>>> print(open('entry-v6.tsv').read())   # TSV, C-alpha atoms
chain	number	residue	atom	x	y	z
W	29	ALA	CA	-74.79	-76.56	-94.93
W	30	TRP	CA	-71.33	-75.62	-96.18
W	31	GLU	CA	-69.89	-78.61	-94.29
W	32	ASN	CA	-72.09	-81.13	-96.11
W	33	ASP	CA	-72.28	-79.80	-99.66
W	34	GLY	CA	-68.67	-80.42	-100.60
W	35	ARG	CA	-67.41	-76.86	-99.93
W	36	ARG	CA	-65.58	-77.68	-96.69
W	37	THR	CA	-61.82	-77.19	-96.80
W	38	ASP	CA	-59.30	-76.90	-93.98
W	39	ASP	CA	-58.75	-73.22	-94.80
W	40	LEU	CA	-62.46	-72.46	-94.68
W	41	THR	CA	-62.80	-74.46	-91.48
W	42	TRP	CA	-60.05	-72.43	-89.83
W	43	GLN	CA	-61.69	-69.19	-90.95
W	44	ARG	CA	-64.90	-70.28	-89.25
W	45	ILE	CA	-63.00	-71.34	-86.12
W	46	GLU	CA	-61.25	-67.96	-85.92
W	47	LEU	CA	-64.59	-66.17	-86.23
W	48	ALA	CA	-66.10	-68.39	-83.55
W	49	MET	CA	-63.22	-67.76	-81.14
W	50	GLY	CA	-63.35	-64.04	-81.86
W	51	GLU	CA	-66.95	-64.10	-80.66
W	52	GLY	CA	-66.15	-66.38	-77.71
W	53	THR	CA	-68.29	-69.29	-78.94
W	54	THR	CA	-65.95	-72.06	-77.82
W	55	ARG	CA	-68.42	-74.91	-78.29
W	56	LEU	CA	-68.91	-73.98	-81.93
W	57	ALA	CA	-65.14	-73.80	-82.44
W	58	THR	CA	-64.72	-77.27	-80.94
W	59	ARG	CA	-67.44	-78.71	-83.16
W	60	LEU	CA	-65.97	-77.07	-86.26
W	61	ALA	CA	-62.59	-78.63	-85.47
W	62	GLU	CA	-63.90	-82.20	-85.42
W	63	PRO	CA	-63.01	-83.00	-89.07
W	64	LEU	CA	-59.47	-81.63	-88.67
W	65	GLY	CA	-56.36	-83.62	-87.85
W	66	LYS	CA	-55.15	-84.46	-84.36
W	67	GLN	CA	-52.62	-81.60	-84.12
W	68	ASP	CA	-55.17	-79.08	-85.36
W	69	ARG	CA	-57.76	-80.27	-82.86
W	70	ALA	CA	-55.19	-80.00	-80.06
W	71	VAL	CA	-54.56	-76.35	-80.96
W	72	VAL	CA	-58.28	-75.59	-80.94
W	73	ASP	CA	-58.58	-77.35	-77.58
W	74	LEU	CA	-55.79	-75.13	-76.18
W	75	TRP	CA	-57.49	-72.09	-77.69
W	76	THR	CA	-60.80	-72.83	-75.96
W	77	ARG	CA	-59.06	-73.52	-72.64
W	78	VAL	CA	-57.12	-70.26	-72.93
W	79	HIS	CA	-60.37	-68.43	-73.55
W	80	ARG	CA	-61.72	-69.65	-70.21
W	81	SER	CA	-58.41	-69.30	-68.37
W	82	PRO	CA	-55.81	-67.21	-70.28
W	83	GLU	CA	-53.10	-68.02	-67.71
W	84	GLN	CA	-52.94	-71.50	-69.23
W	85	ILE	CA	-50.94	-70.08	-72.12
W	86	THR	CA	-47.91	-70.03	-69.79
W	87	ARG	CA	-48.28	-73.66	-68.72
W	88	GLY	CA	-46.37	-76.18	-70.74
W	89	LYS	CA	-44.73	-75.98	-74.13
W	90	LEU	CA	-46.61	-74.20	-76.86
W	91	PRO	CA	-47.35	-76.30	-79.96
W	92	GLU	CA	-45.43	-75.75	-83.18
W	93	HIS	CA	-48.40	-74.74	-85.29
W	94	SER	CA	-49.29	-71.91	-87.66
W	95	LYS	CA	-52.20	-70.86	-85.40
W	96	THR	CA	-50.24	-70.74	-82.15
W	97	GLY	CA	-49.66	-67.00	-82.51
W	98	LEU	CA	-53.41	-66.40	-82.72
W	99	VAL	CA	-53.92	-68.46	-79.56
W	100	VAL	CA	-51.27	-66.43	-77.71
W	101	ALA	CA	-52.79	-63.15	-78.94
W	102	HIS	CA	-56.20	-64.36	-77.76
W	103	ALA	CA	-54.76	-65.03	-74.30
W	104	ILE	CA	-53.25	-61.54	-74.23
W	105	ARG	CA	-56.61	-60.08	-75.24
W	106	ARG	CA	-58.37	-61.86	-72.39
W	107	MET	CA	-55.67	-60.91	-69.86
W	108	SER	CA	-55.60	-57.28	-70.95
W	109	SER	CA	-59.20	-56.75	-69.93
W	110	LYS	CA	-58.53	-57.99	-66.39
W	111	ASN	CA	-54.87	-57.47	-65.54
W	112	ILE	CA	-52.89	-55.38	-68.02
W	113	ASP	CA	-49.60	-55.73	-66.15
W	114	LYS	CA	-49.88	-59.50	-66.31
W	115	ALA	CA	-50.77	-59.34	-69.99
W	116	ILE	CA	-47.67	-57.26	-70.72
W	117	SER	CA	-45.31	-59.49	-68.74
W	118	THR	CA	-46.82	-62.63	-70.29
W	119	TRP	CA	-46.39	-61.30	-73.80
W	120	GLN	CA	-42.84	-60.15	-73.13
W	121	ASN	CA	-41.88	-63.54	-71.69
W	122	ILE	CA	-43.43	-65.58	-74.48
W	123	SER	CA	-42.25	-63.34	-77.33
W	124	SER	CA	-38.70	-63.42	-75.99
W	125	GLN	CA	-38.67	-67.21	-76.34
W	126	ARG	CA	-40.14	-67.58	-79.82
W	127	THR	CA	-40.75	-65.53	-82.94
W	128	PHE	CA	-44.26	-64.61	-84.01
W	129	SER	CA	-45.47	-63.26	-87.32
W	130	GLU	CA	-45.93	-59.53	-87.75
W	131	SER	CA	-49.68	-60.09	-87.95
W	132	ASP	CA	-49.90	-62.10	-84.72
W	133	SER	CA	-47.56	-59.73	-82.88
W	134	SER	CA	-49.65	-56.77	-84.03
W	135	LEU	CA	-52.74	-58.36	-82.52
W	136	ALA	CA	-51.02	-58.66	-79.15
W	137	TRP	CA	-49.74	-55.07	-79.39
W	138	LYS	CA	-53.25	-53.95	-80.31
W	139	TYR	CA	-54.92	-55.60	-77.31
W	140	ILE	CA	-52.30	-54.26	-74.90
W	141	GLY	CA	-52.25	-50.80	-76.46
W	142	LEU	CA	-56.03	-50.40	-76.53
W	143	SER	CA	-56.37	-51.53	-72.93
W	144	LEU	CA	-53.75	-49.00	-71.83
W	145	ALA	CA	-55.25	-46.24	-73.99
W	146	ARG	CA	-58.74	-46.73	-72.59
W	147	ASN	CA	-57.28	-46.30	-69.13
W	148	HIS	CA	-55.38	-43.15	-70.23
W	149	GLN	CA	-51.96	-44.74	-69.66
W	150	ALA	CA	-49.06	-42.99	-71.38
W	151	GLU	CA	-47.50	-46.35	-72.32
W	152	ALA	CA	-50.35	-46.95	-74.79
W	153	TYR	CA	-48.59	-44.71	-77.27
W	154	ALA	CA	-45.52	-46.95	-77.49
W	155	TRP	CA	-47.57	-50.12	-78.00
W	156	LEU	CA	-49.89	-48.72	-80.66
W	157	LYS	CA	-47.00	-47.18	-82.61
W	158	ARG	CA	-45.55	-50.68	-83.09
W	159	ILE	CA	-48.48	-51.70	-85.28
W	160	PRO	CA	-47.57	-51.14	-88.95
W	161	ALA	CA	-50.00	-49.04	-90.99
W	162	HIS	CA	-51.10	-51.93	-93.22
W	163	LEU	CA	-52.22	-53.91	-90.14
W	164	ALA	CA	-53.91	-51.07	-88.27
W	165	ASP	CA	-57.71	-51.22	-88.43
W	166	ALA	CA	-60.05	-48.25	-87.90
W	167	GLN	CA	-60.21	-48.87	-84.14
W	168	VAL	CA	-56.42	-48.81	-83.82
W	169	MET	CA	-56.19	-45.68	-85.96
W	170	GLU	CA	-58.73	-43.87	-83.79
W	171	TRP	CA	-56.87	-44.68	-80.59
W	172	LYS	CA	-53.57	-43.79	-82.23
W	173	ILE	CA	-55.06	-40.35	-82.90
W	174	ARG	CA	-56.22	-40.07	-79.29
W	175	THR	CA	-52.80	-40.97	-77.91
W	176	ALA	CA	-50.98	-38.80	-80.48
W	177	ILE	CA	-53.10	-35.79	-79.47
W	178	ARG	CA	-52.41	-36.51	-75.81
W	179	GLN	CA	-48.67	-36.80	-76.55
W	180	GLY	CA	-48.61	-33.83	-78.94
W	181	ASP	CA	-47.15	-35.87	-81.83
W	182	TRP	CA	-48.41	-33.77	-84.75
W	183	TYR	CA	-46.26	-35.51	-87.36
W	184	LEU	CA	-47.90	-38.82	-86.43
W	185	ILE	CA	-51.36	-37.28	-86.72
W	186	ILE	CA	-50.61	-36.04	-90.26
W	187	SER	CA	-49.13	-39.44	-91.18
W	188	MET	CA	-52.25	-41.18	-89.90
W	189	ALA	CA	-54.45	-38.79	-91.86
W	190	ALA	CA	-52.61	-39.81	-95.02
W	191	GLY	CA	-52.93	-43.48	-94.15
W	192	MET	CA	-56.64	-43.33	-93.34
W	193	VAL	CA	-57.53	-41.38	-96.49
W	194	LEU	CA	-55.44	-43.60	-98.79
W	195	ARG	CA	-56.91	-46.77	-97.30
W	196	GLY	CA	-60.45	-45.51	-97.57
W	197	PHE	CA	-61.09	-45.27	-93.82
W	198	ALA	CA	-61.99	-41.58	-94.09
W	199	SER	CA	-61.91	-38.51	-96.33
W	200	VAL	CA	-59.89	-35.48	-95.23
W	201	PRO	CA	-63.03	-33.79	-93.76
W	202	GLU	CA	-64.02	-37.04	-92.05
W	203	PHE	CA	-60.53	-37.37	-90.56
W	204	SER	CA	-60.75	-33.80	-89.26
W	205	SER	CA	-64.11	-34.58	-87.65
W	206	LEU	CA	-62.67	-37.74	-86.08
W	207	ALA	CA	-59.62	-35.87	-84.79
W	208	TRP	CA	-61.83	-33.23	-83.18
W	209	GLY	CA	-63.95	-35.92	-81.58
W	210	CYS	CA	-60.81	-37.52	-80.19
W	211	PHE	CA	-59.59	-34.14	-78.94
W	212	TRP	CA	-62.77	-33.34	-77.04
W	213	SER	CA	-62.92	-36.86	-75.62
W	214	THR	CA	-59.26	-36.72	-74.62
W	215	ASN	CA	-59.58	-33.30	-73.00
W	216	SER	CA	-63.07	-33.59	-71.51
W	217	SER	CA	-61.67	-33.96	-68.00
W	218	ALA	CA	-59.35	-30.98	-68.47
W	219	ALA	CA	-62.22	-28.78	-69.61
W	220	GLY	CA	-63.85	-28.84	-66.19
W	221	ALA	CA	-60.69	-29.13	-64.15
W	222	GLU	CA	-59.67	-26.56	-61.56
W	223	ASP	CA	-56.01	-26.89	-62.49
W	224	ALA	CA	-55.07	-23.82	-64.55
W	225	HIS	CA	-52.05	-25.63	-65.99
W	226	SER	CA	-54.29	-28.39	-67.40
W	227	SER	CA	-56.55	-25.78	-68.96
W	228	MET	CA	-53.57	-24.04	-70.56
W	229	ASP	CA	-52.29	-27.35	-71.95
W	230	ALA	CA	-55.71	-28.11	-73.45
W	231	SER	CA	-55.89	-24.63	-74.96
W	232	ASP	CA	-52.43	-24.97	-76.51
W	233	THR	CA	-53.31	-28.40	-77.91
W	234	ARG	CA	-56.54	-27.01	-79.37
W	235	THR	CA	-54.64	-24.16	-81.06
W	236	ARG	CA	-52.13	-26.57	-82.59
W	237	LEU	CA	-54.88	-28.92	-83.73
W	238	VAL	CA	-56.78	-26.06	-85.40
W	239	PHE	CA	-53.61	-25.09	-87.29
W	240	MET	CA	-52.79	-28.65	-88.32
W	241	LEU	CA	-56.31	-29.54	-89.49
W	242	ASN	CA	-56.66	-26.27	-91.42
W	243	LEU	CA	-53.33	-26.97	-93.10
W	244	LEU	CA	-54.09	-30.62	-93.89
W	245	PRO	CA	-56.30	-30.06	-96.98
W	246	VAL	CA	-53.64	-27.74	-98.40
W	247	LEU	CA	-50.84	-30.22	-97.77
W	248	TRP	CA	-52.90	-33.01	-99.27
W	249	THR	CA	-53.43	-31.26	-102.62
W	250	MET	CA	-49.96	-29.72	-102.98
W	251	PRO	CA	-47.51	-31.43	-105.38
W	252	PHE	CA	-45.65	-33.91	-103.20
W	253	GLY	CA	-47.60	-32.81	-100.16
W	254	VAL	CA	-48.94	-35.28	-97.60
W	255	GLY	CA	-51.03	-37.19	-100.13
W	256	GLU	CA	-48.29	-37.53	-102.73
W	257	VAL	CA	-45.56	-38.37	-100.23
W	258	ALA	CA	-47.79	-41.10	-98.84
W	259	LYS	CA	-48.24	-42.50	-102.35
W	260	HIS	CA	-44.55	-42.14	-103.25
W	261	PRO	CA	-42.62	-42.70	-99.99
W	262	GLY	CA	-39.32	-43.20	-101.79
W	263	GLN	CA	-39.36	-39.79	-103.46
W	264	GLN	CA	-38.81	-37.54	-100.45
>>> encode(input="entry-v6.tsv", output="structure tokens")
Amino acid sequence: AWENDGRRTDDLTWQRIELAMGEGTTRLATRLAEPLGKQDRAVVDLWTRVHRSPEQITRGKLPEHSKTGLVVAHAIRRMSSKNIDKAISTWQNISSQRTFSESDSSLAWKYIGLSLARNHQAEAYAWLKRIPAHLADAQVMEWKIRTAIRQGDWYLIISMAAGMVLRGFASVPEFSSLAWGCFWSTNSSAAGAEDAHSSMDASDTRTRLVFMLNLLPVLWTMPFGVGEVAKHPGQQ
């Protein structure tokens, strides 16, 4: 109805196309693109082809278009679920040849980082840390916590607590609950492991996490504690 009642604009059309591609409904995306110009339709055509065969993003010259970064990120997303090494090398090759926006780059980093994190790869930490706080959604924040706990980066955990509370993702108690959930998920294999060293590492991590989470509410309410520093980053 929105297409026929005079509300259709190119911006609104692109929003609908992005939603359609995010859900993998390529036919809908193609139909939505019909009123757009030739260059726009060509980008949507590439997008739908990349969805079916992400390797196509490396074939031929990429179009000079504002949505090209989204198409590349979509290809990386599709590759990451099947062949993470190929996804990483493809992103590194393409991003070395052209500059992408912070937003589009963050999407690629997100897809690579989440794929690595779900497979308990240490490299996930480096990819997820690249995503700036203002572009990190709740899913990225959760996996950042998981990888930070695994890496023992307590400063990052406190920083993420500040970010999540300030952005309304969670209260301090909710963050503590999330962190504990991440801890038990992260260390579930260690809990039943025969390796005494793994058990000791899990115990040490648990002790540190208890201390940090108990301290967090205090830091948050102190003058220029975690909460105030997060609100006034230039006054440290």
>>> closest_residue(input="entry-v6.tsv", among="W:Ile122, W:Leu60, W:Ala115, W:Ala103", to="Leu90 of chain W", atoms="all atoms listed in the file")
W:Ile122
>>> residues_near_point(input="entry-v6.tsv", point="(-50.8, -72.7, -72.8)", cutoff="10 Å", atoms="only C-alpha atoms", output="list of chain:residue names")
W:Val71, W:Leu74, W:Trp75, W:Arg77, W:Val78, W:Ser81, W:Pro82, W:Glu83, W:Gln84, W:Ile85, W:Thr86, W:Arg87, W:Gly88, W:Lys89, W:Leu90, W:Pro91, W:Thr96, W:Val99, W:Val100, W:Ala103
>>> residues_around(input="entry-v6.tsv", residues="Ala145 of chain W", least_positions_apart="2", cutoff="10 Å", atoms="all atoms listed in the file", output="MDAnalysis selection string")
chainID W and resid 139:143 147:153 155:156 171:172 174:175
>>> atom_distance(input="entry-v6.tsv", atom1="atom CA of Thr54 of chain W", atom2="atom CA of Arg80 of chain W")
9.0 Å
>>> closest_residue(input="entry-v6.tsv", among="W:Gly180, W:Pro63, W:Gly52, W:Gly97", to="Ser131 of chain W", atoms="all atoms listed in the file")
W:Gly97
>>> closest_residue(input="entry-v6.tsv", among="W:Asp132, W:Asp73, W:Asp68, W:Asp181", to="Arg55 of chain W", atoms="all atoms listed in the file")
W:Asp73
>>> atom_distance(input="entry-v6.tsv", atom1="atom CA of Arg69 of chain W", atom2="atom CA of Ala48 of chain W")
14.5 Å
>>> atom_distance(input="entry-v6.tsv", atom1="atom CA of Ile104 of chain W", atom2="atom CA of Ala136 of chain W")
6.1 Å
>>> closest_residue(input="entry-v6.tsv", among="W:Lys114, W:Arg146, W:His102, W:Lys138", to="Pro160 of chain W", atoms="all atoms listed in the file")
W:Lys138
>>> closest_residue(input="entry-v6.tsv", among="W:Ala101, W:Leu64, W:Ala164, W:Thr118", to="Thr37 of chain W", atoms="all atoms listed in the file")
W:Leu64
>>> decode(input="entry-v6.tsv", residues="segment 50-199 of chain W", atoms="C-alpha atoms", output="short mmCIF file (atom, residue, chain, number, x, y, z; two decimals), in the first residue's frame")
data_model
loop_
_atom_site.label_atom_id
_atom_site.label_comp_id
_atom_site.auth_asym_id
_atom_site.auth_seq_id
_atom_site.Cartn_x
_atom_site.Cartn_y
_atom_site.Cartn_z
CA GLY W 50 18.48 -9.01 5.95
CA GLU W 51 15.77 -11.66 5.98
CA GLY W 52 17.04 -13.29 2.78
CA THR W 53 13.91 -12.52 0.73
CA THR W 54 15.69 -11.76 -2.52
CA ARG W 55 12.59 -11.81 -4.72
CA LEU W 56 10.97 -9.12 -2.60
CA ALA W 57 14.14 -7.02 -2.76
CA THR W 58 14.19 -7.30 -6.55
CA ARG W 59 10.55 -6.28 -6.82
CA LEU W 60 11.05 -3.33 -4.46
CA ALA W 61 13.94 -2.11 -6.62
CA GLU W 62 11.87 -1.91 -9.81
CA PRO W 63 11.01 1.83 -9.48
CA LEU W 64 14.65 2.76 -8.80
CA GLY W 65 17.20 3.94 -11.34
CA LYS W 66 19.41 1.69 -13.41
CA GLN W 67 22.48 1.95 -11.15
CA ASP W 68 20.40 1.26 -8.05
CA ARG W 69 18.79 -1.78 -9.65
CA ALA W 70 22.23 -3.09 -10.64
CA VAL W 71 23.39 -2.89 -7.01
CA VAL W 72 20.31 -4.77 -5.81
CA ASP W 73 20.90 -7.38 -8.52
CA LEU W 74 24.49 -7.84 -7.27
CA TRP W 75 23.20 -8.04 -3.71
CA THR W 76 20.77 -10.85 -4.53
CA ARG W 77 23.43 -12.75 -6.49
CA VAL W 78 25.87 -12.39 -3.60
CA HIS W 79 23.23 -13.77 -1.25
CA ARG W 80 23.05 -16.96 -3.31
CA SER W 81 26.78 -17.12 -4.02
CA PRO W 82 28.86 -14.80 -1.78
CA GLU W 83 32.05 -15.59 -3.73
CA GLN W 84 30.69 -13.39 -6.51
CA ILE W 85 31.68 -10.33 -4.50
CA THR W 86 35.28 -10.97 -5.61
CA ARG W 87 34.44 -11.20 -9.31
CA GLY W 88 34.67 -8.00 -11.26
CA LYS W 89 34.84 -4.39 -10.18
CA LEU W 90 32.56 -3.32 -7.38
CA PRO W 91 30.15 -0.49 -8.23
CA GLU W 92 30.72 3.01 -6.92
CA HIS W 93 27.53 3.24 -4.90
CA SER W 94 26.55 4.20 -1.36
CA LYS W 95 25.15 0.70 -0.73
CA THR W 96 28.19 -1.24 -1.94
CA GLY W 97 29.53 -1.55 1.61
CA LEU W 98 26.30 -3.21 2.72
CA VAL W 99 26.55 -5.66 -0.17
CA VAL W 100 30.14 -6.54 0.78
CA ALA W 101 29.17 -6.95 4.45
CA HIS W 102 26.32 -9.22 3.38
CA ALA W 103 28.77 -11.38 1.44
CA ILE W 104 31.04 -11.58 4.49
CA ARG W 105 28.07 -12.58 6.62
CA ARG W 106 27.17 -15.40 4.25
CA MET W 107 30.78 -16.58 3.96
CA SER W 108 31.37 -16.48 7.71
CA SER W 109 28.74 -19.11 8.34
CA LYS W 110 30.39 -21.55 5.93
CA ASN W 111 34.09 -20.74 5.67
CA ILE W 112 35.41 -18.21 8.18
CA ASP W 113 38.95 -18.24 6.81
CA LYS W 114 37.66 -17.35 3.36
CA ALA W 115 35.47 -14.62 4.83
CA ILE W 116 38.46 -13.08 6.61
CA SER W 117 40.74 -13.19 3.58
CA THR W 118 37.98 -11.80 1.33
CA TRP W 119 37.32 -8.89 3.67
CA GLN W 120 41.02 -8.14 4.06
CA ASN W 121 41.54 -8.14 0.30
CA ILE W 122 38.55 -5.96 -0.51
CA SER W 123 39.05 -3.51 2.37
CA SER W 124 42.69 -3.03 1.39
CA GLN W 125 41.59 -1.82 -2.04
CA ARG W 126 38.83 0.59 -1.06
CA THR W 127 37.61 2.51 1.96
CA PHE W 128 34.32 1.62 3.62
CA SER W 129 32.30 3.60 6.13
CA GLU W 130 32.70 2.88 9.83
CA SER W 131 29.18 1.49 9.85
CA ASP W 132 29.73 -0.91 6.94
CA SER W 133 33.13 -2.00 8.26
CA SER W 134 31.61 -2.65 11.68
CA LEU W 135 29.06 -4.98 10.10
CA ALA W 136 31.83 -7.02 8.49
CA TRP W 137 33.79 -7.08 11.76
CA LYS W 138 30.63 -8.15 13.57
CA TYR W 139 29.91 -11.10 11.27
CA ILE W 140 33.51 -12.30 11.39
CA GLY W 141 33.85 -11.75 15.14
CA LEU W 142 30.59 -13.50 16.02
CA SER W 143 31.41 -16.48 13.83
CA LEU W 144 34.81 -16.83 15.50
CA ALA W 145 33.36 -16.31 18.99
CA ARG W 146 30.70 -18.98 18.53
CA ASN W 147 33.46 -21.39 17.62
CA HIS W 148 35.53 -20.33 20.67
CA GLN W 149 38.35 -18.90 18.55
CA ALA W 150 40.69 -16.51 20.37
CA GLU W 151 40.82 -14.21 17.33
CA ALA W 152 37.18 -13.23 17.95
CA TYR W 153 38.34 -10.84 20.62
CA ALA W 154 40.38 -8.73 18.19
CA TRP W 155 37.54 -8.46 15.66
CA LEU W 156 34.82 -7.57 18.15
CA LYS W 157 36.99 -4.95 19.84
CA ARG W 158 37.17 -3.05 16.54
CA ILE W 159 33.47 -2.25 16.67
CA PRO W 160 32.97 1.19 18.29
CA ALA W 161 30.58 1.34 21.23
CA HIS W 162 27.97 3.44 19.39
CA LEU W 163 27.68 0.75 16.68
CA ALA W 164 27.67 -2.30 18.96
CA ASP W 165 24.22 -3.84 19.36
CA ALA W 166 23.13 -6.05 22.27
CA GLN W 167 24.31 -9.21 20.49
CA VAL W 168 27.79 -7.79 19.94
CA MET W 169 27.96 -6.58 23.54
CA GLU W 170 27.05 -10.03 24.86
CA TRP W 171 29.74 -11.74 22.82
CA LYS W 172 32.24 -9.05 23.76
CA ILE W 173 31.55 -9.96 27.39
CA ARG W 174 32.02 -13.65 26.63
CA THR W 175 35.35 -13.08 24.89
CA ALA W 176 36.51 -10.56 27.51
CA ILE W 177 35.82 -13.10 30.27
CA ARG W 178 37.68 -15.76 28.32
CA GLN W 179 40.61 -13.36 27.80
CA GLY W 180 40.50 -11.98 31.35
CA ASP W 181 40.12 -8.35 30.20
CA TRP W 182 38.40 -6.91 33.29
CA TYR W 183 38.82 -3.28 32.22
CA LEU W 184 36.88 -4.04 29.03
CA ILE W 185 34.11 -5.72 31.03
CA ILE W 186 33.70 -2.64 33.24
CA SER W 187 33.76 -0.37 30.16
CA MET W 188 31.06 -2.48 28.52
CA ALA W 189 28.98 -2.35 31.69
CA ALA W 190 29.09 1.44 31.53
CA GLY W 191 28.20 1.41 27.85
CA MET W 192 25.29 -1.00 28.21
CA VAL W 193 23.76 0.85 31.18
CA LEU W 194 24.13 4.29 29.59
CA ARG W 195 22.59 3.09 26.32
CA GLY W 196 19.69 1.42 28.05
CA PHE W 197 20.66 -2.14 27.13
CA ALA W 198 20.72 -3.19 30.80
CA SER W 199 20.71 -1.96 34.39
#
